[in-house]
$ cat work.cif   # mmCIF, C-alpha atoms
data_start
loop_
_atom_site.label_atom_id
_atom_site.label_comp_id
_atom_site.auth_asym_id
_atom_site.auth_seq_id
_atom_site.Cartn_x
_atom_site.Cartn_y
_atom_site.Cartn_z
CA MET T 21 0.00 0.00 0.00
CA ASN T 22 1.28 3.45 -0.98
CA LEU T 23 0.63 5.85 1.91
CA ARG T 24 1.71 8.83 -0.18
CA LYS T 25 -0.99 8.10 -2.77
CA ALA T 26 -3.56 7.47 -0.02
CA GLY T 27 -2.74 10.87 1.47
CA ALA T 28 -3.11 12.50 -1.95
CA ILE T 29 -6.58 10.96 -2.36
CA ALA T 30 -7.58 12.24 1.10
CA TRP T 31 -6.24 15.72 0.26
CA VAL T 32 -8.30 15.84 -2.94
CA ASN T 33 -11.46 15.01 -0.98
CA LEU T 34 -10.72 17.78 1.51
CA ARG T 35 -10.12 20.32 -1.28
CA ARG T 36 -13.39 19.36 -2.96
CA LEU T 37 -15.25 20.11 0.26
CA THR T 38 -13.61 23.50 0.83
CA ARG T 39 -14.29 24.56 -2.76
CA ASP T 40 -17.99 23.80 -2.34
CA ARG T 41 -19.33 26.96 -0.69
CA THR T 42 -22.54 25.31 0.47
CA GLY T 43 -20.69 22.38 2.02
CA ALA T 44 -18.13 24.69 3.64
CA PHE T 45 -20.94 26.78 5.16
CA PHE T 46 -22.56 23.76 6.80
CA VAL T 47 -19.20 22.54 8.10
CA PHE T 48 -17.60 25.78 9.32
CA VAL T 49 -20.42 28.27 10.02
CA PHE T 50 -23.84 26.68 10.48
CA PRO T 51 -23.01 24.65 13.65
CA PHE T 52 -21.96 27.81 15.48
CA LEU T 53 -25.16 29.61 14.47
CA ILE T 54 -27.24 26.75 15.88
CA ILE T 55 -25.24 26.64 19.13
CA LEU T 56 -25.60 30.43 19.49
CA ALA T 57 -29.36 30.23 18.91
CA LEU T 58 -29.80 27.42 21.45
CA GLY T 59 -27.72 29.19 24.07
CA ALA T 60 -29.63 32.46 23.58
CA ALA T 61 -33.05 30.79 23.64
CA PHE T 62 -32.57 28.38 26.54
CA GLY T 63 -29.65 29.90 28.37
CA SER T 64 -29.73 30.42 32.07
CA GLY T 65 -28.54 34.02 31.66
CA PHE T 66 -32.11 35.21 30.93
CA THR T 67 -33.54 37.67 33.52
CA PRO T 68 -37.36 38.01 33.53
CA GLN T 69 -38.85 41.52 33.59
CA LEU T 70 -41.68 42.33 36.04
CA GLY T 71 -43.86 45.43 35.79
CA VAL T 72 -45.31 46.97 38.96
CA VAL T 73 -48.06 49.58 39.35
CA SER T 74 -47.97 50.99 42.88
CA THR T 75 -49.34 54.54 42.45
CA GLY T 76 -51.26 55.63 45.54
CA SER T 77 -50.59 52.36 47.38
CA GLY T 78 -48.94 54.06 50.37
CA PRO T 79 -45.86 53.06 52.43
CA LEU T 80 -46.74 49.35 52.57
CA GLY T 81 -47.28 49.30 48.83
CA GLN T 82 -43.89 50.92 48.31
CA ASP T 83 -42.38 48.41 50.73
CA LEU T 84 -43.75 45.55 48.66
CA ARG T 85 -42.39 47.11 45.48
CA ASP T 86 -38.94 47.52 47.11
CA ARG T 87 -38.99 43.90 48.26
CA LEU T 88 -39.68 42.78 44.69
CA ALA T 89 -36.88 44.99 43.33
CA ALA T 90 -34.42 43.55 45.86
CA THR T 91 -35.20 39.96 44.87
CA ASP T 92 -32.53 38.17 42.81
CA GLY T 93 -33.48 36.63 39.49
CA MET T 94 -35.76 39.35 38.11
CA GLU T 95 -35.82 43.03 37.22
CA VAL T 96 -38.66 45.39 38.24
CA GLN T 97 -40.00 48.24 36.13
CA SER T 98 -42.47 50.78 37.56
CA PHE T 99 -45.58 51.87 35.64
CA THR T 100 -48.08 54.61 36.42
CA ASP T 101 -51.16 52.76 35.14
CA VAL T 102 -52.29 49.21 34.49
CA GLU T 103 -53.09 49.65 30.79
CA THR T 104 -49.55 50.73 29.94
CA MET T 105 -48.21 47.74 31.84
CA ARG T 106 -50.61 45.36 30.07
CA THR T 107 -49.50 46.73 26.69
CA ALA T 108 -45.86 46.09 27.58
CA ILE T 109 -46.72 42.51 28.56
CA GLU T 110 -48.66 41.91 25.34
CA ARG T 111 -45.75 43.20 23.26
CA GLY T 112 -43.29 40.90 25.01
CA ARG T 113 -41.29 43.56 26.86
CA LEU T 114 -42.39 42.11 30.20
CA GLU T 115 -42.94 38.55 31.38
CA GLY T 116 -45.50 39.59 34.00
CA GLY T 117 -46.97 42.47 35.96
CA LEU T 118 -48.34 43.12 39.46
CA GLU T 119 -50.93 45.75 40.37
CA ILE T 120 -50.73 47.06 43.95
CA PRO T 121 -54.09 48.86 44.27
CA THR T 122 -54.63 52.41 45.47
CA GLY T 123 -55.26 52.53 49.21
CA TYR T 124 -53.33 49.30 49.81
CA ASP T 125 -51.66 50.71 52.93
CA GLU T 126 -54.89 51.93 54.55
CA ARG T 127 -56.80 48.74 53.84
CA VAL T 128 -54.04 46.52 55.21
CA ARG T 129 -53.79 48.63 58.37
CA ALA T 130 -57.55 48.31 58.78
CA GLY T 131 -57.22 44.53 58.81
CA ALA T 132 -58.75 43.94 55.39
CA THR T 133 -57.60 41.30 52.89
CA VAL T 134 -56.36 43.11 49.78
CA PRO T 135 -56.32 41.20 46.46
CA LEU T 136 -53.30 41.74 44.20
CA ASP T 137 -53.76 41.26 40.46
CA TYR T 138 -50.93 39.46 38.65
CA VAL T 139 -50.97 39.71 34.85
CA ALA T 140 -48.97 37.54 32.42
CA ARG T 141 -49.13 36.16 28.91
CA PRO T 142 -50.32 32.57 28.45
CA THR T 143 -46.67 31.59 27.90
CA GLY T 144 -45.39 33.71 30.79
CA ALA T 145 -42.71 32.32 33.08
CA GLN T 146 -44.26 30.26 35.89
CA GLU T 147 -41.10 30.75 37.95
CA LEU T 148 -41.67 34.52 37.95
CA GLN T 149 -45.21 34.14 39.29
CA ALA T 150 -43.96 31.83 42.05
CA THR T 151 -41.24 34.33 42.99
CA VAL T 152 -43.75 37.21 43.18
CA ALA T 153 -46.08 35.10 45.33
CA ALA T 154 -43.20 34.28 47.69
CA VAL T 155 -42.33 37.97 48.13
CA VAL T 156 -45.98 38.85 48.81
CA ASP T 157 -46.17 36.05 51.40
CA GLU T 158 -42.97 37.33 53.01
CA GLN T 159 -44.54 40.75 53.57
CA GLY T 160 -47.77 39.12 54.67
CA VAL T 161 -45.99 37.24 57.46
CA VAL T 162 -44.62 40.51 58.88
CA ILE T 163 -48.04 42.21 58.65
CA ARG T 164 -49.82 39.32 60.38
CA ALA T 165 -47.20 39.34 63.14
CA ALA T 166 -47.73 43.08 63.65
CA ARG T 167 -51.52 42.64 63.82
CA PHE T 168 -51.10 39.88 66.39
CA ALA T 169 -48.82 42.07 68.53
CA VAL T 170 -51.39 44.89 68.50
CA SER T 171 -54.24 42.55 69.35
CA GLU T 172 -52.28 41.12 72.29
CA GLY T 173 -51.42 44.59 73.59
CA THR T 174 -47.65 44.11 73.34
CA ALA T 175 -47.27 47.13 71.02
CA GLY T 176 -48.72 50.60 71.34
CA SER T 177 -49.42 51.07 67.62
CA PHE T 178 -49.43 49.18 64.35
CA ASP T 179 -46.34 51.05 63.15
CA GLU T 180 -44.43 50.08 66.29
CA ALA T 181 -45.52 46.44 65.94
CA LEU T 182 -44.63 46.47 62.23
CA ALA T 183 -41.13 47.77 62.98
CA ARG T 184 -40.58 45.08 65.63
CA ALA T 185 -41.87 42.32 63.36
CA GLY T 186 -39.63 43.52 60.56
CA ALA T 187 -36.59 43.50 62.82
CA VAL T 188 -37.35 39.98 64.05
CA ALA T 189 -37.90 38.76 60.48
CA ALA T 190 -34.55 40.25 59.40
CA ALA T 191 -32.74 38.51 62.26
CA THR T 192 -34.42 35.14 61.72
CA PRO T 193 -32.08 32.58 60.05
CA ARG T 194 -33.13 31.72 56.50
CA VAL T 195 -32.65 28.76 54.25
CA GLU T 196 -30.53 29.68 51.23
CA VAL T 197 -30.76 27.70 48.03
CA ALA T 198 -27.90 27.88 45.53
CA THR T 199 -28.30 26.65 41.96
CA ARG T 200 -25.50 25.76 39.57
CA THR T 201 -25.58 24.77 35.94
CA ALA T 202 -23.49 21.67 35.22
CA GLY T 203 -20.57 22.51 32.99
CA GLY T 204 -20.30 26.16 33.91
CA ASP T 205 -21.95 29.21 35.42
CA SER T 206 -24.91 31.19 34.05
CA ALA T 207 -24.99 31.40 30.25
CA ILE T 208 -21.72 29.47 29.83
CA GLY T 209 -23.37 26.25 30.95
CA SER T 210 -26.29 26.80 28.59
CA PHE T 211 -23.97 26.96 25.58
CA ALA T 212 -22.08 23.87 26.76
CA SER T 213 -25.26 21.79 27.03
CA GLY T 214 -26.10 22.55 23.41
CA ALA T 215 -22.57 22.37 22.06
CA ALA T 216 -22.06 18.68 22.92
CA ALA T 217 -25.31 17.61 21.25
CA GLU T 218 -24.73 19.79 18.18
CA LEU T 219 -21.18 18.47 17.77
CA VAL T 220 -22.50 14.91 17.59
CA LEU T 221 -25.35 15.92 15.29
CA PHE T 222 -23.26 17.83 12.75
CA VAL T 223 -20.29 15.45 12.61
CA PHE T 224 -22.59 12.56 11.71
CA LEU T 225 -24.88 14.60 9.46
CA THR T 226 -22.02 16.14 7.48
CA SER T 227 -20.33 12.77 7.08
CA LEU T 228 -23.48 11.13 5.68
CA SER T 229 -24.11 14.05 3.33
CA ALA T 230 -20.49 13.93 2.13
CA SER T 231 -21.01 10.32 1.01
CA ALA T 232 -22.31 11.84 -2.23
CA MET T 233 -18.69 12.72 -3.13
CA LEU T 234 -17.78 9.03 -3.02
CA ILE T 235 -20.57 8.26 -5.49
CA GLU T 236 -19.48 11.10 -7.75
CA THR T 237 -15.92 9.73 -7.74
CA ARG T 238 -17.21 6.42 -9.11
CA ARG T 239 -19.66 8.02 -11.54
CA LEU T 240 -17.03 10.26 -13.11
CA GLY T 241 -14.67 7.33 -13.59
CA VAL T 242 -12.00 8.63 -11.22
CA THR T 243 -11.82 5.26 -9.50
CA ARG T 244 -11.34 3.41 -12.81
CA ARG T 245 -8.52 5.73 -13.81
CA MET T 246 -6.80 5.23 -10.46
CA LEU T 247 -7.04 1.44 -10.87
CA ALA T 248 -5.63 1.75 -14.38
CA SER T 249 -2.54 3.32 -12.85
CA PRO T 250 -0.20 1.34 -10.58
CA THR T 251 -2.48 1.91 -7.57
CA GLU T 252 -3.72 -0.90 -5.37
CA VAL T 253 -7.34 -1.20 -4.32
CA ARG T 254 -6.44 -0.99 -0.66
CA THR T 255 -4.59 2.27 -1.28
CA ILE T 256 -7.80 3.72 -2.73
CA LEU T 257 -9.80 2.36 0.21
CA VAL T 258 -7.44 3.91 2.74
CA GLY T 259 -7.35 7.21 0.84
CA GLU T 260 -11.15 7.50 0.62
CA THR T 261 -11.52 6.51 4.27
CA LEU T 262 -8.86 8.94 5.40
CA GLY T 263 -10.41 11.78 3.41
CA ARG T 264 -13.81 11.38 5.05
CA PHE T 265 -12.28 10.86 8.47
CA VAL T 266 -10.26 14.08 8.21
CA ILE T 267 -13.43 16.01 7.29
CA ALA T 268 -15.40 14.59 10.24
CA LEU T 269 -12.53 15.02 12.72
CA MET T 270 -11.81 18.54 11.50
CA GLN T 271 -15.42 19.59 11.99
CA GLY T 272 -15.56 18.07 15.48
CA LEU T 273 -12.34 19.74 16.61
CA LEU T 274 -13.41 23.01 15.02
CA ILE T 275 -16.66 22.99 17.00
CA VAL T 276 -14.73 22.31 20.21
CA ALA T 277 -12.18 25.07 19.57
CA GLY T 278 -14.77 27.51 18.21
CA THR T 279 -17.12 27.16 21.17
CA VAL T 280 -14.23 27.68 23.59
CA VAL T 281 -13.22 30.92 21.86
CA LEU T 282 -16.65 32.30 20.98
CA PHE T 283 -18.84 31.08 23.87
CA ARG T 284 -16.28 30.20 26.58
CA VAL T 285 -17.55 26.64 26.74
CA ASP T 286 -15.63 24.47 29.20
CA TRP T 287 -15.34 20.98 27.70
CA GLY T 288 -13.97 19.56 30.96
CA ASN T 289 -11.31 16.90 30.45
CA LEU T 290 -9.84 17.66 27.02
CA LEU T 291 -8.34 14.20 26.70
CA THR T 292 -11.75 12.61 27.16
CA THR T 293 -13.35 15.06 24.75
CA GLY T 294 -10.64 14.47 22.17
CA VAL T 295 -10.95 10.67 22.34
CA VAL T 296 -14.75 10.87 22.03
CA VAL T 297 -14.50 13.15 18.99
CA LEU T 298 -11.88 10.87 17.42
CA LEU T 299 -13.92 7.67 17.89
CA PHE T 300 -17.21 9.24 16.87
CA ALA T 301 -15.58 10.69 13.74
CA LEU T 302 -14.40 7.18 12.85
CA ALA T 303 -17.92 5.80 13.36
CA ALA T 304 -19.41 8.59 11.24
CA THR T 305 -16.81 7.91 8.55
CA GLY T 306 -17.75 4.23 8.47
CA ALA T 307 -21.46 5.03 8.19
CA ALA T 308 -20.80 7.52 5.38
CA MET T 309 -18.74 5.01 3.41
CA VAL T 310 -21.39 2.31 3.81
CA MET T 311 -23.97 4.70 2.37
CA GLY T 312 -21.65 5.84 -0.41
CA SER T 313 -20.92 2.23 -1.37
CA VAL T 314 -24.54 1.09 -1.43
CA LEU T 315 -26.28 4.02 -3.14
CA GLN T 316 -25.77 4.77 -6.81
CA ASN T 317 -27.01 8.36 -7.10
CA ALA T 318 -25.31 11.39 -5.56
CA SER T 319 -28.54 13.38 -5.21
CA GLN T 320 -30.17 10.43 -3.52
CA ALA T 321 -27.22 10.13 -1.14
CA GLY T 322 -27.39 13.82 -0.25
CA ALA T 323 -31.11 13.66 0.55
CA MET T 324 -30.82 10.36 2.41
CA GLY T 325 -27.84 11.68 4.35
CA VAL T 326 -29.76 14.68 5.67
CA PHE T 327 -32.85 12.59 6.45
CA LEU T 328 -30.99 9.79 8.25
CA GLY T 329 -28.68 12.24 9.98
CA LEU T 330 -31.60 14.16 11.50
CA VAL T 331 -33.62 11.04 12.39
CA LEU T 332 -30.70 9.31 14.10
CA ALA T 333 -29.81 12.55 15.89
CA ALA T 334 -33.35 12.85 17.25
CA ILE T 335 -33.41 9.22 18.41
CA GLY T 336 -29.89 9.44 19.82
CA GLY T 337 -30.56 12.43 22.09
CA CYS T 338 -29.13 15.32 20.07
CA MET T 339 -32.41 17.26 20.01
CA VAL T 340 -34.02 16.22 23.30
CA PRO T 341 -31.99 15.41 26.45
CA LEU T 342 -31.61 11.70 27.08
CA GLU T 343 -32.62 12.25 30.72
CA ILE T 344 -36.25 12.88 29.78
CA PHE T 345 -36.54 9.87 27.44
CA PRO T 346 -38.97 7.18 28.62
CA PRO T 347 -37.23 3.89 29.52
CA VAL T 348 -38.01 2.18 26.20
CA MET T 349 -36.78 5.14 24.10
CA TYR T 350 -33.71 5.45 26.32
CA ARG T 351 -32.74 1.87 25.48
CA ILE T 352 -33.49 2.41 21.78
CA ALA T 353 -31.32 5.55 21.78
CA HIS T 354 -28.35 3.47 22.91
CA LEU T 355 -28.61 1.32 19.80
CA PHE T 356 -26.85 4.21 18.02
CA PRO T 357 -23.44 5.79 18.70
CA HIS T 358 -24.94 9.26 19.25
CA ALA T 359 -26.24 8.50 22.74
CA TRP T 360 -22.93 7.01 23.89
CA ALA T 361 -20.96 9.99 22.56
CA ILE T 362 -23.31 12.53 24.19
CA GLU T 363 -23.14 10.79 27.57
CA ALA T 364 -19.35 10.71 27.47
CA LEU T 365 -19.12 14.39 26.47
CA ASN T 366 -21.63 15.43 29.14
CA ALA T 367 -19.63 13.55 31.77
CA SER T 368 -16.48 15.36 30.66
CA ILE T 369 -18.22 18.77 30.70
CA ALA T 370 -20.06 18.30 34.00
CA THR T 371 -17.45 16.56 36.14
CA GLY T 372 -14.23 16.55 34.11
CA ALA T 373 -14.44 12.76 33.77
CA ALA T 374 -11.22 11.03 32.70
CA PRO T 375 -11.25 8.46 29.87
CA THR T 376 -11.19 5.64 32.43
CA GLU T 377 -14.42 6.95 33.97
CA VAL T 378 -16.26 6.74 30.64
CA SER T 379 -14.49 3.61 29.43
CA THR T 380 -17.78 1.84 28.63
CA GLU T 381 -18.89 4.65 26.33
CA LEU T 382 -15.48 4.76 24.64
CA TRP T 383 -15.35 1.00 24.07
CA VAL T 384 -18.84 1.06 22.56
CA LEU T 385 -17.86 3.91 20.22
CA ALA T 386 -14.72 2.01 19.25
CA ALA T 387 -16.82 -1.06 18.47
CA TYR T 388 -19.18 0.99 16.29
CA ALA T 389 -16.22 2.53 14.46
CA ALA T 390 -14.50 -0.82 13.87
CA GLY T 391 -17.68 -2.55 12.73
CA LEU T 392 -18.83 0.19 10.37
CA LEU T 393 -15.37 0.64 8.85
CA ALA T 394 -15.02 -3.12 8.30
CA ILE T 395 -18.40 -3.32 6.55
CA ALA T 396 -17.61 -0.20 4.52
CA SER T 397 -14.27 -1.61 3.37
CA VAL T 398 -15.91 -4.79 2.06
CA LEU T 399 -18.73 -2.91 0.30
CA LEU T 400 -16.46 -0.26 -1.18
CA ARG T 401 -13.98 -2.86 -2.45
CA ARG T 402 -16.81 -4.70 -4.22
CA SER T 403 -18.11 -1.44 -5.64
CA ILE T 404 -14.70 -0.40 -6.96
CA THR T 405 -13.64 -3.76 -8.38
CA GLY T 406 -17.10 -4.44 -9.82
CA ARG T 407 -17.16 -1.18 -11.75
CA ALA T 408 -13.55 -1.66 -12.88
CA ARG T 409 -14.55 -4.84 -14.65
#

$ encode --input "work.cif" --output "structure tokens"
Amino acid sequence: MNLRKAGAIAWVNLRRLTRDRTGAFFVFVFPFLIILALGAAFGSGFTPQLGVVSTGSGPLGQDLRDRLAATDGMEVQSFTDVETMRTAIERGRLEGGLEIPTGYDERVRAGATVPLDYVARPTGAQELQATVAAVVDEQGVVIRAARFAVSEGTAGSFDEALARAGAVAAATPRVEVATRTAGGDSAIGSFASGAAAELVLFVFLTSLSASAMLIETRRLGVTRRMLASPTEVRTILVGETLGRFVIALMQGLLIVAGTVVLFRVDWGNLLTTGVVVLLFALAATGAAMVMGSVLQNASQAGAMGVFLGLVLAAIGGCMVPLEIFPPVMYRIAHLFPHAWAIEALNASIATGAAPTEVSTELWVLAAYAAGLLAIASVLLRRSITGRAR
């Protein structure tokens, strides 16, 4: 086998891809656009906006508004009337709004129950409503304590009782809950969660779509001309395999490097990530060569590549997290290499897992790569030698 000739065949395949502007776009640009869109849409860096109308509500109404403004995880905007606030909610500038009615202070001091109107769109954040309710309850506890003190005669006035209750509430120990996104903090973790899945999706999808180039090589007679020269069949097999593997590996490594630079994604243990990308690229290469050896039409291969790439990505957990799959679908997902690659990458991102800690996933990916490449070699050899005759 002539390794120099095999390298030349691989180089030609790589040049053909880079000269195709559409193919280059889907390899070098489109994955980053998808990762950016996912991180922006589902990122944890989003801060909900709450509108508050508190005109004429008195000191207690202002106190409630200040409590809301001091709460982490949301931003408060003041409005002078309810209609303006409703318009802002309808136009998507606010996720919700709270009306503190006029005379709130006087009615609370009189012992009345004062309803508070919360307004939100049908798709409004449920977490925001729960946060607002918690803040209202927090003030309500202080007010009820002050009323009780007045009724028991331990305070001379409601204001005195309210001040004492507020001081006791401030000194009371509280339970603090801290949340952390696996793989990073705030929006960084949101990009990481999408980057791993999109890496797996695009490496496999691009490889299957690129199988059309293998068909075009046979159709144009390039393979016959190579066999007519002093070139062995196995040299052609290695060259074609190497060409597709370089494309898949290059895209995977580019996504890793690009997300680190553009989105500050922390891929955890780089050795684990690199081994996963390497093995998955080999598996994707084998699948692409099987398709390119079986199909006879380049257009058919391109369409089938996109269709199968998206279907297998959906089943394998690239579009919906594997954690929410029902048990049957979870087992089905692990019939394909996508699920094993995603689990290994997620372990690396979340905990910095070493290759030994994800050895099962790596061995399964290696088995997929070896099996698919072996089948592809047999099919491609038959395709090349059959057409040469």

$ residues_around --input "work.cif" --residues "stretch 321-330 of chain T" --least-positions-apart "2" --cutoff "7 Å" --atoms "all atoms listed in the file" --output "PyMOL selection string"
chain T and resi 224-225+228-229+231-232+315+317-319+332-334

$ atom_distance --input "work.cif" --atom1 "atom CA of T:Phe265" --atom2 "atom CA of T:Val32"
13.1 Å

$ closest_residue --input "work.cif" --among "T:Leu400, T:Ser98, T:Arg35, T:Pro121" --to "T:Met311" --atoms "only C-alpha atoms"
T:Leu400

$ resolve_selection --input "work.cif" --expression "the PyMOL selection byres ((chain T and resi 262) around 9)" --output "list of chain:residue names"
T:Ala26, T:Gly27, T:Ile29, T:Ala30, T:Trp31, T:Leu257, T:Val258, T:Gly259, T:Glu260, T:Thr261, T:Gly263, T:Arg264, T:Phe265, T:Val266, T:Ile267, T:Thr305

$ closest_residue --input "work.cif" --among "T:Glu252, T:Val340, T:Ala361, T:Gly372" --to "T:Leu291" --atoms "all atoms listed in the file"
T:Gly372

$ atom_distance --input "work.cif" --atom1 "atom CA of T:Phe345" --atom2 "atom CA of T:Ser368"
21.0 Å

$ resolve_selection --input "work.cif" --expression "the PyMOL selection byres ((chain T and resi 382) around 9)" --output "MDAnalysis selection string"
chainID T and resid 295:296 299 360:361 364 375:376 378:381 383:387

$ closest_residue --input "work.cif" --among "T:Val281, T:Met309, T:Ala216, T:Cys338" --to "T:Ala370" --atoms "all atoms listed in the file"
T:Ala216

$ closest_residue --input "work.cif" --among "T:Gly306, T:Gln316, T:Pro357, T:Glu363" --to "T:Ile395" --atoms "only C-alpha atoms"
T:Gly306

$ atom_distance --input "work.cif" --atom1 "atom CA of T:Ser313" --atom2 "atom CA of T:Val297"
24.0 Å

$ resolve_selection --input "work.cif" --expression "the PyMOL selection byres ((chain T and resi 168) around 12)" --output "number ranges by chain"
T: 131, 161-167, 169-175, 177-178, 181-182, 184-185

$ closest_residue --input "work.cif" --among "T:Val223, T:Val310, T:Ala353, T:Val72" --to "T:Val152" --atoms "all atoms listed in the file"
T:Val72

$ axis_aligned_box --input "work.cif" --around "stretch 307-321 of chain T" --padding-each-side "5 Å" --output "JSON"
{"center_x": -24.5, "center_y": 7.2, "center_z": 0.5, "size_x": 21.4, "size_y": 22.3, "size_z": 25.3}

$ closest_atom_pairs --input "work.cif" --of "stretch 118-154 of chain T" --to "stretch 76-91 of chain T" --cutoff "6 Å" --atoms "all atoms listed in the file" --output "Markdown table"
| residue | atom | partner | partner_atom | distance |
| --- | --- | --- | --- | --- |
| T:Pro121 | CA | T:Ser77 | CA | 5.8 |
| T:Thr122 | CA | T:Ser77 | CA | 4.5 |
| T:Gly123 | CA | T:Ser77 | CA | 5.0 |
| T:Tyr124 | CA | T:Ser77 | CA | 4.8 |
| T:Asp125 | CA | T:Gly78 | CA | 5.0 |

$ closest_residue --input "work.cif" --among "T:Gly288, T:Gly272, T:Gly186, T:Gly71" --to "T:Thr107" --atoms "only C-alpha atoms"
T:Gly71

$ residues_near_point --input "work.cif" --point "(-46.5, 44.1, 31.8)" --cutoff "9 Å" --atoms "only C-alpha atoms" --output "ChimeraX atom specification"
/T:69-72,97,99,102-118,139-141
